Each structure stands twice: as structure tokens, then as C-alpha cells.
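Worksheet: the structure to be examined is printed underneath.
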Amino acid sequence: MTERYPLAEMKDLPDDIRAAVLEVQEKAGFVPNVFLALARRPAEWRAFFAYHDALMLKEEGSLTKGDREMIVTATSAANQCLYCVVAHGALLRIYEKKPLVADQVAVNWRRADITPRQHAMLDFAMKVAADSHAIEDADFEALHAHGFDDEDIWDIAAITAFFGLSNRMASFSGMQPNPEFYLMGRLPRDKK
């Protein structure tokens with residue numbers, strides 16, 4: 001499959017978006033395709049990444065970076081989004097320091113080598129992804145039993161909902177994962 005919309009060129013990006021993309025490139029060593037794919041519409045790019053960062057980079061709450069990426073990987077797999085499974089699976093492997101976890105979560109999170117707390121988190125996220133109208137008080141009680149508070153539960157749901165949008169944008173547009181993502185977090189990094 002090929003991308004249905006060409007990636008934006010760095011030279012054509014508005015200054016604020018170019019600066020943000022260069023910052024990502026400096027940190028990652030490459031530019032993830034999502035940054036250039038969405039840059040074709042600068043106002044939407046800004047809104048998308050503002051909400052992304054508010055959800056994924058926040059310091060408050062009990063969700064770890066690994067938990068957040070686990071939610072994205074599991075629900076993106078349910079939505080059959082290749083880009084997000086590969087890209088966020090790479091981040092999941094890195095944050096959890098477990099080279100097998102992303103593949104396990106993407107294929108069958110119920111059998112993955114994750115904690116009971118993470119199983120409860122993903123059970124709720126998957127219900128939000130596929131059956132959100134059926135959420136009931138018992139779903140909250142199950143999460144409270146694992147130490148999640150109502151704000152954590154909001155985060156789980158918001159991450160799931162946001163990446164439902166992201167999954168659909170990536171899939172319809174034919175967005176392809178960068179080759180770099182496939183190997184990230186699978187082998188120990190060289191100590192320099």
C-alpha cells in the first residue's frame with residue numbers, strides 16, 4: 001500500500017510546524033511520517049498535536065508513558081491501524097523495556113505479559129474503542145479496584161478516543177510507518 005496523500009516537504013512547512021518537526025527529528029533521529037502527513041493542513045496539525053501532547057505528555061495521574069502507549073497499541077490493533085501499531089508499539093517497547101510486549105499487546109492483549117492493572121486498563125480501553133455506549137458504573141468500579149481514580153479513567157478513555165481519530169486518519173490516507181520504527185526497542189541500545 002502506498003500513501004494516498006504526499007508527505008509535506010520540510011521547506012513548505014510554516015515556521016512553527018517546521019521548528020516542531022525539527023525538534024522531533026533531533027530527538028528521534030528521523031521524522032515520523034505522521035508529522036509530514038498531517039502538515040498538509042497546518043491548522044489541523046496544530047490542533048492534533050496540541051491534543052496529542054496534552055494526553056500523552058502530561059505528568060499528572062497514575063498512567064505511565066508505557067501505559068499510555070499500551071492503550072494506543074492495543075486499540076490501534078483493534079482498529080487495524082498499521083501506522084499506529086508499528087509506531088506506538090516501538091514506543092511501548094522502549095518505555096516498558098520489554099522487546100516482546102508490543103507484539104503481544106497488538107496480537108492478543110489478553111494473553112500479553114502485562115500486569116493485572118494493565119489488563120484492567122486495556123479491558124476498559126477496548127470497551128471504549130468498540131462499545132463506549134455500554135460503559136457503566138461497574139466498569140469504573142473494576143478500575144478503581146486497581147488503583148485508578150476518575151481522572152485516570154478519563155485519560156484512558158480520552159487516549160482511546162483520540163487515537164480512534166488518529167487510526168482512521170492514518171488508515172484512510174494510506175500513511176505508512178517509517179522503517180526505523182520496526183526495530184526500535186527490540187535490541188538493547190549500544191552504550192556509548
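Chain labels A, B, ... are given in the sequence in which chains occur in the C-alpha cells; within each chain residues are numbered consecutively from 1, and ligands are likewise numbered from 1 in the order shown.
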Q.
Report as a ChimeraX atom specification all protein, DNA and RNA residues lying within 12 Å of A:Leu183, evaluated on only C-alpha atoms, omitting residues in the same chain fewer than 2 positions from it.
A. /A:86-87,89-91,93-94,99-100,102,177-181,185-189
Q: Based on DSSP run over this structure's backbone, return all residues of stretch 21-174 of chain A in helix (DSSP H, G or I), as an NGL selection string.
A: :A and (21-28 or 33-40 or 42-56 or 65-78 or 82-96 or 101-111 or 116-134 or 137-144 or 150-173)
Q: Quick one: everything within 10 Å of stretch 112-116 of chain A, counting only C-alpha atoms, minus sequence neighbours fewer than 3 positions away in the same chain. Send it as a ChimeraX atom specification.
A: /A:70,96,98,100-109,119-122,146
I need the residues from that last selection saved to file as a PDB file, in the first residue's frame (with C-alpha atoms), if you can.
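Contents of the output file again_19.pdb:
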```pdb
ATOM      1  CA  MET A  70      -0.036   0.296  25.576  1.00  0.00           C
ATOM      2  CA  GLU A  96       8.336  -0.786  29.158  1.00  0.00           C
ATOM      3  CA  LYS A  98      10.275  -5.264  27.093  1.00  0.00           C
ATOM      4  CA  LEU A 100       8.117  -8.575  23.114  1.00  0.00           C
ATOM      5  CA  VAL A 101       5.316  -6.623  24.781  1.00  0.00           C
ATOM      6  CA  ALA A 102       4.119  -4.579  21.786  1.00  0.00           C
ATOM      7  CA  ASP A 103       3.676  -7.643  19.588  1.00  0.00           C
ATOM      8  CA  GLN A 104       1.843  -9.438  22.394  1.00  0.00           C
ATOM      9  CA  VAL A 105      -0.448  -6.473  23.076  1.00  0.00           C
ATOM     10  CA  ALA A 106      -1.178  -5.927  19.380  1.00  0.00           C
ATOM     11  CA  VAL A 107      -1.965  -9.558  18.634  1.00  0.00           C
ATOM     12  CA  ASN A 108      -3.810 -10.557  21.821  1.00  0.00           C
ATOM     13  CA  TRP A 109      -3.536  -8.191  24.773  1.00  0.00           C
ATOM     14  CA  HIS A 119      -5.175  -5.859  31.840  1.00  0.00           C
ATOM     15  CA  ALA A 120      -7.962  -3.932  33.590  1.00  0.00           C
ATOM     16  CA  MET A 121      -6.850  -0.724  31.859  1.00  0.00           C
ATOM     17  CA  LEU A 122      -6.893  -2.358  28.424  1.00  0.00           C
ATOM     18  CA  HIS A 146      -6.769  -1.477  40.565  1.00  0.00           C
TER      19      HIS A 146
END
```
Sorted by chain and rising residue number, list the residues of stretch 27-113 of chain A at most 12 Å from stretch 6-12 of chain A (counting only C-alpha atoms), each with its closest atom pair and distance in Å to one decimal, as a Markdown table.
```
| residue | atom | partner | partner_atom | distance |
| --- | --- | --- | --- | --- |
| A:Val31 | CA | A:Met10 | CA | 10.0 |
| A:Pro32 | CA | A:Leu7 | CA | 10.7 |
| A:Asn33 | CA | A:Leu7 | CA | 7.3 |
| A:Val34 | CA | A:Leu7 | CA | 8.6 |
| A:Phe35 | CA | A:Ala8 | CA | 8.7 |
| A:Leu36 | CA | A:Ala8 | CA | 5.0 |
| A:Ala37 | CA | A:Leu7 | CA | 4.7 |
| A:Leu38 | CA | A:Leu7 | CA | 8.0 |
| A:Ala39 | CA | A:Ala8 | CA | 6.1 |
| A:Arg40 | CA | A:Ala8 | CA | 5.9 |
| A:Arg41 | CA | A:Ala8 | CA | 9.5 |
| A:Pro42 | CA | A:Ala8 | CA | 10.4 |
| A:Trp45 | CA | A:Ala8 | CA | 11.6 |
```
Same residues, C-alpha atoms, output as a PDB file, in the first residue's frame:
```pdb
ATOM      1  CA  VAL A  31      10.892  12.481  11.137  1.00  0.00           C
ATOM      2  CA  PRO A  32       7.919  10.194  11.824  1.00  0.00           C
ATOM      3  CA  ASN A  33       5.669  10.280   8.763  1.00  0.00           C
ATOM      4  CA  VAL A  34       2.632  11.413  10.760  1.00  0.00           C
ATOM      5  CA  PHE A  35       4.229  14.850  11.241  1.00  0.00           C
ATOM      6  CA  LEU A  36       4.587  15.406   7.500  1.00  0.00           C
ATOM      7  CA  ALA A  37       1.351  13.668   6.509  1.00  0.00           C
ATOM      8  CA  LEU A  38      -0.801  15.909   8.699  1.00  0.00           C
ATOM      9  CA  ALA A  39       1.184  19.060   7.867  1.00  0.00           C
ATOM     10  CA  ARG A  40      -0.761  19.394   4.606  1.00  0.00           C
ATOM     11  CA  ARG A  41      -3.353  21.161   6.782  1.00  0.00           C
ATOM     12  CA  PRO A  42      -1.461  23.348   9.260  1.00  0.00           C
ATOM     13  CA  TRP A  45      -1.784  19.745  12.516  1.00  0.00           C
TER      14      TRP A  45
END
```
Q: Could you give me, as JSON, numbers by chain, the residues within 9 Å of A:Asp155, counting only C-alpha atoms and dropping anything in the same chain fewer than 2 positions from it?
A: {"A": [55, 61, 63, 68, 150, 151, 152, 153, 157, 158, 159, 160]}
Q | Among the residues A:Phe172, A:Tyr83, A:Phe124, A:Tyr51, the one that comes closest to A:Glu141 [using only C-alpha atoms] | A |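 Looking only at the distances to A:Glu141, the closest residue turns out to be A:Phe124.
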Q) Quick one: of A:Met184, A:His133, A:Tyr95, A:Asn167, who's nearest to A:Gln80, counting only C-alpha atoms? A)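 Going through A:Met184, A:His133, A:Tyr95, A:Asn167 one by one, the smallest distance to A:Gln80 is for A:Asn167.
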Q.
One decimal, in Å: what's the spacing between atom CA of A:Ala125 and atom CA of A:Ala47?
A.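 Straight-line distance from atom CA of A:Ala125 to atom CA of A:Ala47 works out to 23.0 Å.
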Q.
Using only C-alpha atoms for the distances, tell me which of A:Leu13, A:Gln176, A:Ser171, A:Glu3 is nearest to A:Cys81.
A.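 Under the stated criterion, the closest residue is A:Ser171.
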Q | Closest of A:Ala138, A:Met169, A:Ile71, A:Val24 to A:Glu44 - atom-to-atom distances counting only C-alpha atoms | A | A:Met169
Q: Rank nothing, just name the residue among A:Asp15, A:Leu82, A:Met56, A:Val128 nearest to A:Glu69, using only C-alpha atoms.
A: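 Nearest candidate to A:Glu69 out of A:Asp15, A:Leu82, A:Met56, A:Val128: A:Met56.
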